[in-house]
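File shown: structure28.tsv (TSV, C-alpha atoms and all ligand atoms).
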```tsv
chain	number	residue	atom	x	y	z
A	223	MET	CA	91.98	7.34	202.72
A	224	TYR	CA	92.92	9.99	200.19
A	225	MET	CA	96.24	10.15	198.46
A	226	ALA	CA	98.55	13.07	198.09
A	227	SER	CA	98.25	14.65	194.66
A	228	ASN	CA	101.62	13.40	193.48
A	229	ASP	CA	100.93	9.83	194.50
A	230	ILE	CA	98.73	8.42	191.75
A	231	LYS	CA	98.81	4.67	191.64
A	232	LEU	CA	98.29	3.04	188.25
A	233	ASN	CA	96.53	-0.32	187.80
A	234	THR	CA	94.67	0.07	191.06
A	235	VAL	CA	90.96	-0.41	191.59
A	236	TYR	CA	89.36	2.08	193.98
A	237	ASN	CA	86.03	0.97	195.28
A	238	GLU	CA	84.78	4.52	195.80
A	239	ASP	CA	82.04	6.90	194.80
A	240	SER	CA	82.99	8.23	191.36
A	241	ARG	CA	81.64	11.67	192.33
A	242	HIS	CA	84.86	11.85	194.39
A	243	LEU	CA	87.15	10.70	191.61
A	244	ASN	CA	89.11	13.96	191.77
A	245	LYS	CA	90.38	13.02	195.23
A	246	PHE	CA	92.20	10.05	193.72
A	247	LEU	CA	93.03	11.27	190.25
A	248	ASN	CA	93.78	14.93	190.15
A	249	LYS	CA	96.34	15.25	187.39
A	250	GLN	CA	95.81	15.48	183.64
A	251	ILE	CA	97.21	12.06	182.82
A	252	VAL	CA	94.35	10.20	181.13
A	253	ASP	CA	94.36	9.52	177.37
A	254	VAL	CA	91.12	7.60	177.04
A	255	THR	CA	88.16	6.80	179.26
A	256	ILE	CA	85.71	4.10	178.25
A	257	THR	CA	82.70	3.68	180.47
A	258	SER	CA	79.00	3.25	180.72
A	259	PRO	CA	77.19	5.12	183.45
A	260	PRO	CA	74.75	3.48	185.86
A	261	TYR	CA	71.27	2.98	184.49
A	262	PHE	CA	68.59	5.40	185.61
A	263	ASP	CA	66.15	3.76	188.01
A	264	LEU	CA	66.30	0.49	186.06
A	265	LYS	CA	68.70	-1.43	188.19
A	266	ASP	CA	69.39	-1.43	191.92
A	267	TYR	CA	73.14	-1.85	192.30
A	268	GLY	CA	72.57	-2.34	196.01
A	269	HIS	CA	74.80	0.44	197.33
A	270	LYS	CA	73.71	3.48	199.30
A	271	MET	CA	75.94	5.79	197.26
A	272	GLN	CA	74.68	4.53	193.91
A	273	ILE	CA	73.73	6.95	191.17
A	274	GLY	CA	70.52	6.30	189.25
A	275	PHE	CA	68.31	4.02	191.25
A	276	GLY	CA	65.49	5.82	193.09
A	277	GLN	CA	66.65	9.27	191.94
A	278	GLU	CA	64.82	12.09	190.17
A	279	TYR	CA	65.93	12.23	186.55
A	280	SER	CA	67.27	15.77	186.90
A	281	LYS	CA	69.30	14.82	190.02
A	282	TYR	CA	70.62	11.76	188.17
A	283	LEU	CA	71.85	13.95	185.30
A	284	GLU	CA	73.43	16.40	187.75
A	285	ASP	CA	75.29	13.56	189.47
A	286	LEU	CA	76.55	12.29	186.14
A	287	LYS	CA	77.72	15.82	185.40
A	288	ILE	CA	79.85	15.77	188.58
A	289	VAL	CA	81.40	12.44	187.60
A	290	PHE	CA	82.17	13.52	184.05
A	291	LYS	CA	83.54	16.87	185.16
A	292	ASN	CA	86.04	14.90	187.26
A	293	ILE	CA	86.94	12.86	184.20
A	294	TYR	CA	87.28	16.05	182.16
A	295	ASP	CA	89.75	17.46	184.66
A	296	CYS	CA	92.07	14.45	184.59
A	297	THR	CA	91.96	13.96	180.80
A	298	LYS	CA	94.85	15.22	178.67
A	299	ASP	CA	94.04	17.96	176.16
A	300	SER	CA	94.41	15.39	173.35
A	301	GLY	CA	92.35	12.78	175.19
A	302	SER	CA	88.92	11.35	174.58
A	303	LEU	CA	85.92	9.92	176.35
A	304	TRP	CA	83.78	7.06	175.06
A	305	VAL	CA	80.42	6.46	176.71
A	306	ILE	CA	78.18	3.49	176.08
A	307	ILE	CA	74.67	4.60	176.90
A	308	ASP	CA	71.07	3.90	175.95
A	309	SER	CA	67.68	5.52	175.96
A	310	PHE	CA	65.03	3.89	178.13
A	311	ARG	CA	61.29	3.66	178.47
A	312	LYS	CA	59.53	4.88	181.58
A	313	ASN	CA	55.93	5.92	182.15
A	314	ASN	CA	54.93	4.84	178.67
A	315	GLU	CA	57.42	6.97	176.81
A	316	VAL	CA	61.03	6.95	175.73
A	317	THR	CA	63.55	9.13	177.58
A	318	PRO	CA	66.37	10.09	175.19
A	319	LEU	CA	69.14	9.74	177.78
A	320	PRO	CA	72.08	9.79	175.31
A	321	PHE	CA	71.01	13.23	174.11
A	322	ASP	CA	70.13	14.65	177.54
A	323	PHE	CA	73.47	13.30	178.72
A	324	SER	CA	75.38	14.92	175.81
A	325	ASN	CA	73.80	18.27	176.62
A	326	LYS	CA	74.92	17.95	180.23
A	327	LEU	CA	78.44	17.12	179.13
A	328	LYS	CA	78.47	20.13	176.83
A	329	GLU	CA	77.97	22.33	179.91
A	330	ILE	CA	81.27	20.93	181.23
A	331	GLY	CA	83.16	21.55	178.01
A	332	TRP	CA	83.08	18.06	176.46
A	333	LYS	CA	82.55	18.20	172.69
A	334	LEU	CA	80.45	15.49	171.12
A	335	GLN	CA	82.39	14.10	168.14
A	336	GLU	CA	80.66	10.88	167.11
A	337	VAL	CA	77.37	9.13	167.69
A	338	ILE	CA	77.89	5.46	166.98
A	339	ILE	CA	75.22	2.80	166.93
A	340	TRP	CA	76.37	-0.41	168.54
A	341	GLU	CA	74.31	-3.25	167.17
A	342	LYS	CA	74.39	-6.28	169.41
A	343	ASP	CA	72.68	-9.59	169.42
A	344	ARG	CA	71.34	-9.75	172.97
A	345	THR	CA	70.28	-7.03	175.29
A	346	VAL	CA	68.25	-6.27	178.36
A	347	PRO	CA	64.95	-7.93	177.49
A	348	TRP	CA	62.23	-5.45	176.62
A	349	THR	CA	59.35	-7.54	175.50
A	350	HIS	CA	56.55	-5.06	175.93
A	351	LYS	CA	53.64	-5.38	173.61
A	352	GLY	CA	53.58	-2.93	170.71
A	353	GLN	CA	57.24	-1.96	170.95
A	354	MET	CA	60.14	-2.80	168.76
A	355	ARG	CA	62.88	-5.07	170.01
A	356	ASN	CA	65.81	-3.01	171.19
A	357	LEU	CA	68.94	-4.29	169.50
A	358	PHE	CA	71.33	-1.39	169.86
A	359	GLU	CA	72.93	1.07	172.24
A	360	TYR	CA	74.69	4.33	171.56
A	361	ILE	CA	78.42	4.89	171.81
A	362	LEU	CA	79.23	8.56	172.18
A	363	LEU	CA	82.69	9.92	171.57
A	364	PHE	CA	83.62	13.19	173.28
A	365	SER	CA	86.80	15.23	173.11
A	366	LYS	CA	88.08	18.24	175.02
A	367	ASN	CA	89.38	20.00	171.94
A	368	ASP	CA	88.89	20.14	168.19
A	369	LYS	CA	92.20	18.36	167.84
A	370	TYR	CA	92.33	15.08	169.70
A	371	ASN	CA	93.76	11.59	169.25
A	372	PHE	CA	91.77	9.91	166.52
A	373	PHE	CA	93.82	7.32	164.63
A	374	ILE	CA	91.24	6.24	162.10
A	375	ASP	CA	93.88	4.60	159.87
A	376	GLU	CA	94.33	1.99	162.59
A	377	VAL	CA	90.86	0.59	162.02
A	378	ARG	CA	90.38	0.94	158.28
A	379	ASP	CA	88.80	-2.05	156.67
A	380	ILE	CA	91.15	-3.37	153.99
A	381	SER	CA	89.32	-6.64	153.45
A	382	THR	CA	86.75	-4.86	151.29
A	383	LEU	CA	89.26	-2.70	149.43
A	384	LYS	CA	88.28	-2.92	145.77
A	385	LYS	CA	90.43	-2.24	142.74
A	386	TRP	CA	88.59	0.91	141.71
A	387	TRP	CA	89.06	2.54	145.09
A	388	VAL	CA	92.70	3.02	144.28
A	389	LYS	CA	91.68	4.94	141.14
A	390	TYR	CA	89.59	7.39	143.12
A	391	PRO	CA	91.70	8.30	146.11
A	392	GLU	CA	89.61	11.39	146.74
A	393	ARG	CA	86.69	9.10	147.42
A	394	TYR	CA	88.38	6.00	148.74
A	395	ASN	CA	91.42	5.93	150.95
A	396	PRO	CA	93.97	3.37	149.69
A	397	LYS	CA	94.64	2.41	153.29
A	398	GLY	CA	91.14	0.96	153.40
A	399	LYS	CA	87.56	1.89	153.88
A	400	THR	CA	86.78	4.36	156.63
A	401	PRO	CA	84.77	2.50	159.26
A	402	ASP	CA	81.18	3.62	159.49
A	403	GLY	CA	79.25	4.59	162.57
A	404	LEU	CA	77.34	1.33	162.75
A	405	TRP	CA	79.32	-1.17	164.80
A	406	LYS	CA	78.35	-4.77	165.17
A	407	PHE	CA	79.84	-6.60	168.11
A	408	ASP	CA	78.12	-9.45	169.91
A	409	ILE	CA	78.01	-9.15	173.67
A	410	PRO	CA	80.20	-11.79	175.33
A	411	THR	CA	78.49	-14.89	176.59
A	412	GLN	CA	77.58	-14.38	180.22
A	413	GLY	CA	80.00	-16.09	182.55
A	414	SER	CA	82.79	-16.47	179.98
A	415	TRP	CA	84.73	-13.42	181.06
A	416	GLY	CA	85.04	-13.89	184.81
A	417	SER	CA	86.48	-16.61	187.00
A	418	GLY	CA	83.05	-17.35	188.40
A	419	TYR	CA	79.62	-16.90	186.93
A	420	ILE	CA	78.71	-13.23	187.24
A	421	ARG	CA	75.60	-11.94	185.63
A	422	HIS	CA	76.21	-8.52	184.13
A	423	PHE	CA	73.56	-6.34	182.56
A	424	CYS	CA	75.63	-5.51	179.57
A	425	PRO	CA	79.20	-6.81	179.41
A	426	LEU	CA	81.34	-5.01	176.85
A	427	PRO	CA	82.92	-7.06	174.04
A	428	GLU	CA	86.70	-7.14	174.20
A	429	GLU	CA	87.03	-6.58	170.44
A	430	MET	CA	84.95	-3.44	170.71
A	431	ILE	CA	87.18	-2.05	173.46
A	432	GLY	CA	90.15	-3.04	171.26
A	433	GLN	CA	88.70	-1.01	168.38
A	434	ILE	CA	88.22	2.03	170.64
A	435	LEU	CA	91.75	1.79	171.99
A	436	LYS	CA	93.19	1.52	168.48
A	437	ILE	CA	91.37	4.71	167.51
A	438	SER	CA	92.18	6.68	170.64
A	439	SER	CA	95.56	5.52	171.82
A	440	LYS	CA	98.86	4.88	170.16
A	441	GLU	CA	101.49	2.28	170.66
A	442	GLY	CA	103.65	3.57	173.45
A	443	ASP	CA	100.77	4.76	175.56
A	444	ILE	CA	100.69	2.73	178.73
A	445	VAL	CA	97.90	0.45	177.58
A	446	ARG	CA	99.52	-1.06	174.52
A	447	PHE	CA	102.40	-3.47	174.83
A	448	LYS	CA	100.63	-5.98	172.67
A	449	PRO	CA	103.49	-6.69	170.25
A	450	LEU	CA	105.61	-8.10	173.05
A	451	VAL	CA	102.96	-10.35	174.57
A	452	LYS	CA	100.88	-11.31	171.54
A	453	PHE	CA	100.36	-15.01	170.85
A	454	GLU	CA	101.76	-15.28	167.34
A	455	GLY	CA	105.13	-14.38	165.87
A	456	GLN	CA	108.84	-14.95	166.31
A	457	ASP	CA	109.32	-11.84	168.46
A	458	THR	CA	106.84	-12.52	171.21
A	459	LEU	CA	107.36	-13.66	174.78
A	460	PHE	CA	104.63	-16.21	174.18
A	461	ARG	CA	106.89	-18.18	171.84
A	462	ILE	CA	109.66	-18.60	174.39
A	463	TRP	CA	107.35	-19.27	177.33
A	464	ARG	CA	107.44	-22.86	178.48
A	465	ASN	CA	104.08	-23.89	179.85
A	466	SER	CA	102.30	-27.10	178.97
A	467	LYS	CA	98.89	-25.41	179.03
A	468	LYS	CA	99.77	-22.28	177.12
A	469	ALA	CA	97.59	-23.21	174.15
A	470	ASN	CA	94.58	-22.59	176.41
A	471	LEU	CA	95.19	-18.87	176.13
A	472	LYS	CA	94.71	-18.99	172.39
A	473	SER	CA	91.47	-20.90	172.55
A	474	LYS	CA	88.18	-19.30	173.50
A	475	LYS	CA	88.26	-21.09	176.83
A	476	ASP	CA	89.26	-18.77	179.66
A	477	ASP	CA	92.02	-20.19	181.80
A	478	PHE	CA	92.85	-17.57	184.37
A	479	ASP	CA	95.56	-19.60	186.11
A	480	VAL	CA	97.48	-19.91	182.87
A	481	LEU	CA	96.90	-16.23	182.10
A	482	LYS	CA	98.26	-15.32	185.52
A	483	ALA	CA	101.31	-17.48	184.96
A	484	TYR	CA	101.88	-15.84	181.57
A	485	LYS	CA	101.61	-12.36	183.07
A	486	GLN	CA	104.16	-13.33	185.71
A	487	PHE	CA	106.53	-14.66	183.08
A	488	CYS	CA	106.19	-11.48	180.98
A	489	ALA	CA	106.74	-9.24	183.99
A	490	GLN	CA	109.81	-11.26	184.96
A	491	GLN	CA	111.37	-11.00	181.49
A	492	VAL	CA	110.75	-7.25	181.37
A	493	LYS	CA	112.23	-6.89	184.84
A	494	TYR	CA	115.38	-8.80	183.89
A	495	ILE	CA	116.26	-6.46	181.04
A	496	PHE	CA	115.50	-3.32	183.01
A	497	ILE	CA	117.49	-4.46	186.05
A	498	GLY	CA	120.42	-5.38	183.80
A	499	LEU	CA	120.26	-1.94	182.20
A	500	LYS	CA	119.89	-0.12	185.49
A	501	GLN	CA	123.16	-1.57	186.75
A	502	ASN	CA	124.93	0.28	183.97
A	503	ILE	CA	123.22	3.65	184.31
A	504	GLU	CA	124.40	6.30	186.68
A	505	LYS	CA	122.15	6.14	189.71
A	506	ALA	CA	121.15	9.81	189.60
A	507	ASN	CA	119.93	9.45	186.01
A	508	TRP	CA	117.70	6.44	186.67
A	509	THR	CA	114.81	8.73	187.40
A	510	MET	CA	111.67	10.18	185.88
A	511	ASP	CA	112.44	13.58	187.34
A	512	ARG	CA	112.08	16.05	184.48
A	513	ASN	CA	114.23	18.58	186.28
A	514	ASN	CA	117.18	16.28	185.69
A	515	SER	CA	118.15	16.77	182.05
A	516	ASN	CA	119.88	13.37	182.02
A	517	ALA	CA	116.91	11.49	183.43
A	518	ILE	CA	116.36	8.46	181.22
A	519	LEU	CA	113.10	7.05	182.52
A	520	ASN	CA	110.31	8.17	180.24
A	521	VAL	CA	107.82	6.46	177.94
A	522	THR	CA	110.20	6.63	174.96
A	523	THR	CA	113.06	4.86	176.74
A	524	ILE	CA	110.76	2.29	178.27
A	525	ASN	CA	109.28	1.48	174.89
A	526	GLY	CA	112.74	1.54	173.33
A	527	VAL	CA	114.04	-1.06	175.78
A	528	ILE	CA	110.91	-3.15	175.31
A	529	ASN	CA	111.45	-3.07	171.58
A	530	CYS	CA	115.03	-4.11	172.12
A	531	LEU	CA	113.67	-7.05	174.11
A	532	ARG	CA	111.50	-7.97	171.15
A	533	LEU	CA	114.55	-8.07	168.90
A	534	LEU	CA	116.40	-10.18	171.45
A	535	ILE	CA	113.56	-12.66	171.49
A	536	GLU	CA	113.31	-12.66	167.72
A	537	ASN	CA	117.02	-13.51	167.51
A	538	ASP	CA	116.99	-15.90	170.45
A	539	THR	CA	119.56	-13.78	172.25
A	540	TYR	CA	117.60	-12.91	175.38
A	541	GLY	CA	118.88	-13.84	178.83
A	542	ASP	CA	118.83	-13.27	182.57
A	543	ILE	CA	119.86	-10.32	184.74
A	544	ASP	CA	123.56	-11.19	184.75
A	545	TYR	CA	123.59	-11.55	181.00
A	546	TYR	CA	121.95	-8.16	180.47
A	547	LYS	CA	124.18	-6.57	183.08
A	548	GLU	CA	127.21	-7.73	181.14
A	549	LYS	CA	125.89	-6.80	177.72
A	550	PHE	CA	124.71	-3.35	178.75
A	551	LYS	CA	128.25	-2.38	179.74
A	552	SER	CA	128.52	-0.85	176.29
A	553	ILE	CA	125.45	1.34	176.79
A	554	GLU	CA	127.68	4.03	178.27
A	555	GLY	CA	127.41	7.20	176.22
A	556	PHE	CA	124.21	6.11	174.47
A	557	LYS	CA	122.15	9.19	173.63
A	558	PHE	CA	118.73	8.26	174.98
A	559	LYS	CA	117.66	11.87	174.69
A	560	LYS	CA	118.11	12.19	170.94
A	561	TYR	CA	115.00	10.10	170.20
A	562	LYS	CA	111.55	11.59	169.77
A	563	SER	CA	108.70	9.67	171.34
A	564	SER	CA	107.70	8.26	167.94
A	565	GLN	CA	111.22	6.85	167.47
A	566	TYR	CA	111.13	4.22	170.17
A	567	ARG	CA	111.46	1.42	167.58
A	568	LYS	CA	114.62	2.98	166.22
A	569	MET	CA	115.90	3.39	169.75
A	570	GLY	CA	115.28	-0.31	170.41
A	571	LYS	CA	117.11	-1.29	167.24
A	572	ASP	CA	120.05	1.01	168.05
A	573	ILE	CA	120.35	-0.41	171.57
A	574	PHE	CA	120.21	-3.92	170.14
A	575	ASP	CA	122.89	-3.19	167.54
A	576	ARG	CA	125.13	-1.49	170.05
A	577	CYS	CA	124.97	-3.96	172.91
A	578	PHE	CA	123.93	-7.33	171.55
A	579	LYS	CA	125.39	-7.72	168.08
B	1	LIG	C1	76.24	0.24	183.55
B	1	LIG	S1	77.39	-0.22	184.82
B	1	LIG	C2	78.91	-0.09	183.97
B	1	LIG	C3	80.02	-0.67	184.72
B	1	LIG	C4	81.38	-0.63	184.03
B	1	LIG	N1	81.64	0.65	183.42
B	1	LIG	C5	81.41	-1.73	183.04
B	1	LIG	O1	81.24	-1.50	181.86
B	1	LIG	O2	81.63	-2.87	183.44
B	1	LIG	C6	77.37	1.14	185.92
B	1	LIG	C7	78.16	0.91	187.19
B	1	LIG	O3	78.19	2.11	187.95
B	1	LIG	C8	78.24	1.75	189.32
B	1	LIG	N2	77.86	2.90	190.14
B	1	LIG	C9	76.65	3.38	190.47
B	1	LIG	N3	76.76	4.47	191.25
B	1	LIG	C10	78.08	4.70	191.43
B	1	LIG	C11	78.84	5.67	192.15
B	1	LIG	N4	78.25	6.64	192.85
B	1	LIG	N5	80.18	5.59	192.11
B	1	LIG	C12	80.80	4.61	191.40
B	1	LIG	N6	80.15	3.67	190.70
B	1	LIG	C13	78.80	3.71	190.72
B	1	LIG	C14	77.30	0.56	189.40
B	1	LIG	O4	77.57	-0.22	190.52
B	1	LIG	C15	77.62	-0.17	188.10
B	1	LIG	O5	78.61	-1.12	188.30
```

Rewrite the coordinates I just gave you, this time as structure tokens.
Ligand SMILES: C[S@@+](CC[C@H](N)C(=O)[O-])C[C@H]1O[C@@H](n2cnc3c(N)ncnc32)[C@H](O)[C@@H]1O
Amino acid sequence: MYMASNDIKLNTVYNEDSRHLNKFLNKQIVDVTITSPPYFDLKDYGHKMQIGFGQEYSKYLEDLKIVFKNIYDCTKDSGSLWVIIDSFRKNNEVTPLPFDFSNKLKEIGWKLQEVIIWEKDRTVPWTHKGQMRNLFEYILLFSKNDKYNFFIDEVRDISTLKKWWVKYPERYNPKGKTPDGLWKFDIPTQGSWGSGYIRHFCPLPEEMIGQILKISSKEGDIVRFKPLVKFEGQDTLFRIWRNSKKANLKSKKDDFDVLKAYKQFCAQQVKYIFIGLKQNIEKANWTMDRNNSNAILNVTTINGVINCLRLLIENDTYGDIDYYKEKFKSIEGFKFKKYKSSQYRKMGKDIFDRCFK
């Protein structure tokens, strides 16, 4: 089943051949892609459409080119692509896959921006005599343009900020040390990140993905509503959530039932405020349609309302649908359109001051 081009479903897993990705995702809407391609002839994934296993190396690279051309086409001009990839040994010599791969991607238009070494503690065991132990993989960062989202300030290391750095700002940024291209993240313990025991060749550490998202996405992009759902702080849904097992989420132990319950609670609270608001907005304007100049549904408004919810939680003045419906009566005339996308916090504060104070 293929979808119409204007019907792209978010948060949906398609169990399909990624060479046909463009049939499902054919609009430039992607900010960041993080992936690792199938291994070449090293692992049988057990599917007839698999890329890698049993293929000629040149055919394998051509297939990867098709996949990454599809990704190129749906990535925004400011977007980026992160690929975790490794060289491998076959027929008594090393094949430099990361570099062959980069050259293929260059043919598409992807520009290689960073080559990062990911040092990890465990890896696919290569215990051949006379070879060194392989303790790292490559992380390659590609962009479509010279200018792309790269928020390095988000990941500066301030813990090692020394006094003299401040004296030499040309050498040392006062916001912290620029992270280097050698990343150390342990791979998660097998079985700790799924509901059952699944053996994965190389599971990706959550913190590493977090680091990538901090660099390549900004608050307000769809992926980051962390401030509202984080575990610590006065302004988080976690604080007001009543669940006797909620501490489990903070511990290392995975408790997927509790996580599911927390997600449901968060979704419900977000729904309440939006439904309450919707009741007070003219029906025709409750739309994402850009042709309607009074349309209020866009990322800025959504983040603005979510930030308002944070303030409500912080002040213990949150409520249910009826409460919001009543309070939002005074939203009439509010100039949603005057805020730039970076001003969603201010919008949230202004909505809070206007309707809830
Ligand atoms: C190295 S794994 C990485 C998986 C995933 N990116 C991750 O990090 O969990 C490569 C994956 O590509 C999948 N794969 C192989 N051929 C494929 C194809 N033609 N279309 C989609 N996926 C494919 C394999 O089943 C495998 O799960």

Within 9 Å of ligand LIG 1 (chain B) (all atoms listed in the file), residues as a PyMOL selection string: chain A and resi 237-243+256-261+265-275+285-286+289+305-307+422-426

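Closest approach to Val337 in chain A from the set A:Leu404, A:Tyr561, A:Glu548, A:Phe453 is made by A:Leu404, with distances taken over only C-alpha atoms.
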
From A:Asn529, A:Ser365, A:Ile543, A:Lys562, residue lying nearest Gln490 in chain A [only C-alpha atoms]: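 Residue with the minimum atom-to-atom distance to Gln490 in chain A: A:Ile543.
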
Pick from A:Ser324, A:Ile288, A:Val451, A:Lys500, whichever lies nearest to Leu481 in chain A using all atoms listed in the file: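 For Leu481 in chain A, the nearest of the given residues is A:Val451.
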
Nearest-residue call for Asp368 in chain A, choices A:Phe407, A:Leu319, A:Lys342, A:Gly301, using all atoms listed in the file: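 Result for the nearest residue to Asp368 in chain A: A:Gly301.
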
What's the 8 Å shell around Asn244 in chain A, counting only C-alpha atoms, without same-chain residues fewer than 6 positions away, as a PDB file with C-alpha atoms, keeping the file's coordinate frame?
```pdb
ATOM      1  CA  ASN A 292      86.040  14.900 187.260  1.00  0.00           C
ATOM      2  CA  ILE A 293      86.940  12.860 184.200  1.00  0.00           C
ATOM      3  CA  ASP A 295      89.750  17.460 184.660  1.00  0.00           C
ATOM      4  CA  CYS A 296      92.070  14.450 184.590  1.00  0.00           C
TER       5      CYS A 296
END
```

Nearest to Ser309 in chain A by atom-to-atom distance, counting all atoms listed in the file, from A:Ile361, A:Leu531, A:Ala483, A:Met430: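 So, comparing all the options, the nearest one is A:Ile361.
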
Atom-to-atom span, CA of Phe321 in chain A and CA of Ile437 in chain A, Å: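 So the two atoms, CA of Phe321 in chain A and CA of Ile437 in chain A, lie 23.0 Å apart.
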
Coordinates-based distance that separates CA of Ile339 in chain A from CA of Tyr360 in chain A (Å, one decimal):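 Atom-to-atom, CA of Tyr360 in chain A and CA of Ile339 in chain A are spaced 4.9 Å apart.
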
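Nearest to Pro401 in chain A of all the residues A:Leu459, A:Cys488, A:Ile338, A:Leu533 is A:Ile338, based on only C-alpha atoms.
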
Contacts of Arg576 in chain A within 9 Å, only C-alpha atoms, excl. fewer than 4 positions in-chain, as a list of chain:residue names: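 What passes the distance filter is A:Phe550, A:Ser552, A:Ile553, A:Phe556, A:Lys571, A:Asp572.
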
Atomic separation - CA of Phe487 in chain A relative to CA of Ser473 in chain A, Å: 19.4 Å

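With distances taken from (79.0, 18.1, 176.3) and restricted to all atoms listed in the file, the residues inside 10 Å are Lys287, Phe290, Phe321, Asp322, Phe323, Ser324, Asn325, Lys326, Leu327, Lys328, Glu329, Ile330, Gly331, Trp332, Lys333, Leu334, Gln335, Phe364, Ser365 and Lys366 of chain A.
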
Can you tell me, as a CSV table (one decimal) with C-alpha atoms, keeping the file's coordinate frame, what residues are no more than 9 Å from Gln277 in chain A when counting all atoms listed in the file, ignoring any on the same chain fewer than 5 positions away?
```
chain,number,residue,atom,x,y,z
A,262,PHE,CA,68.6,5.4,185.6
A,263,ASP,CA,66.2,3.8,188.0
A,282,TYR,CA,70.6,11.8,188.2
```
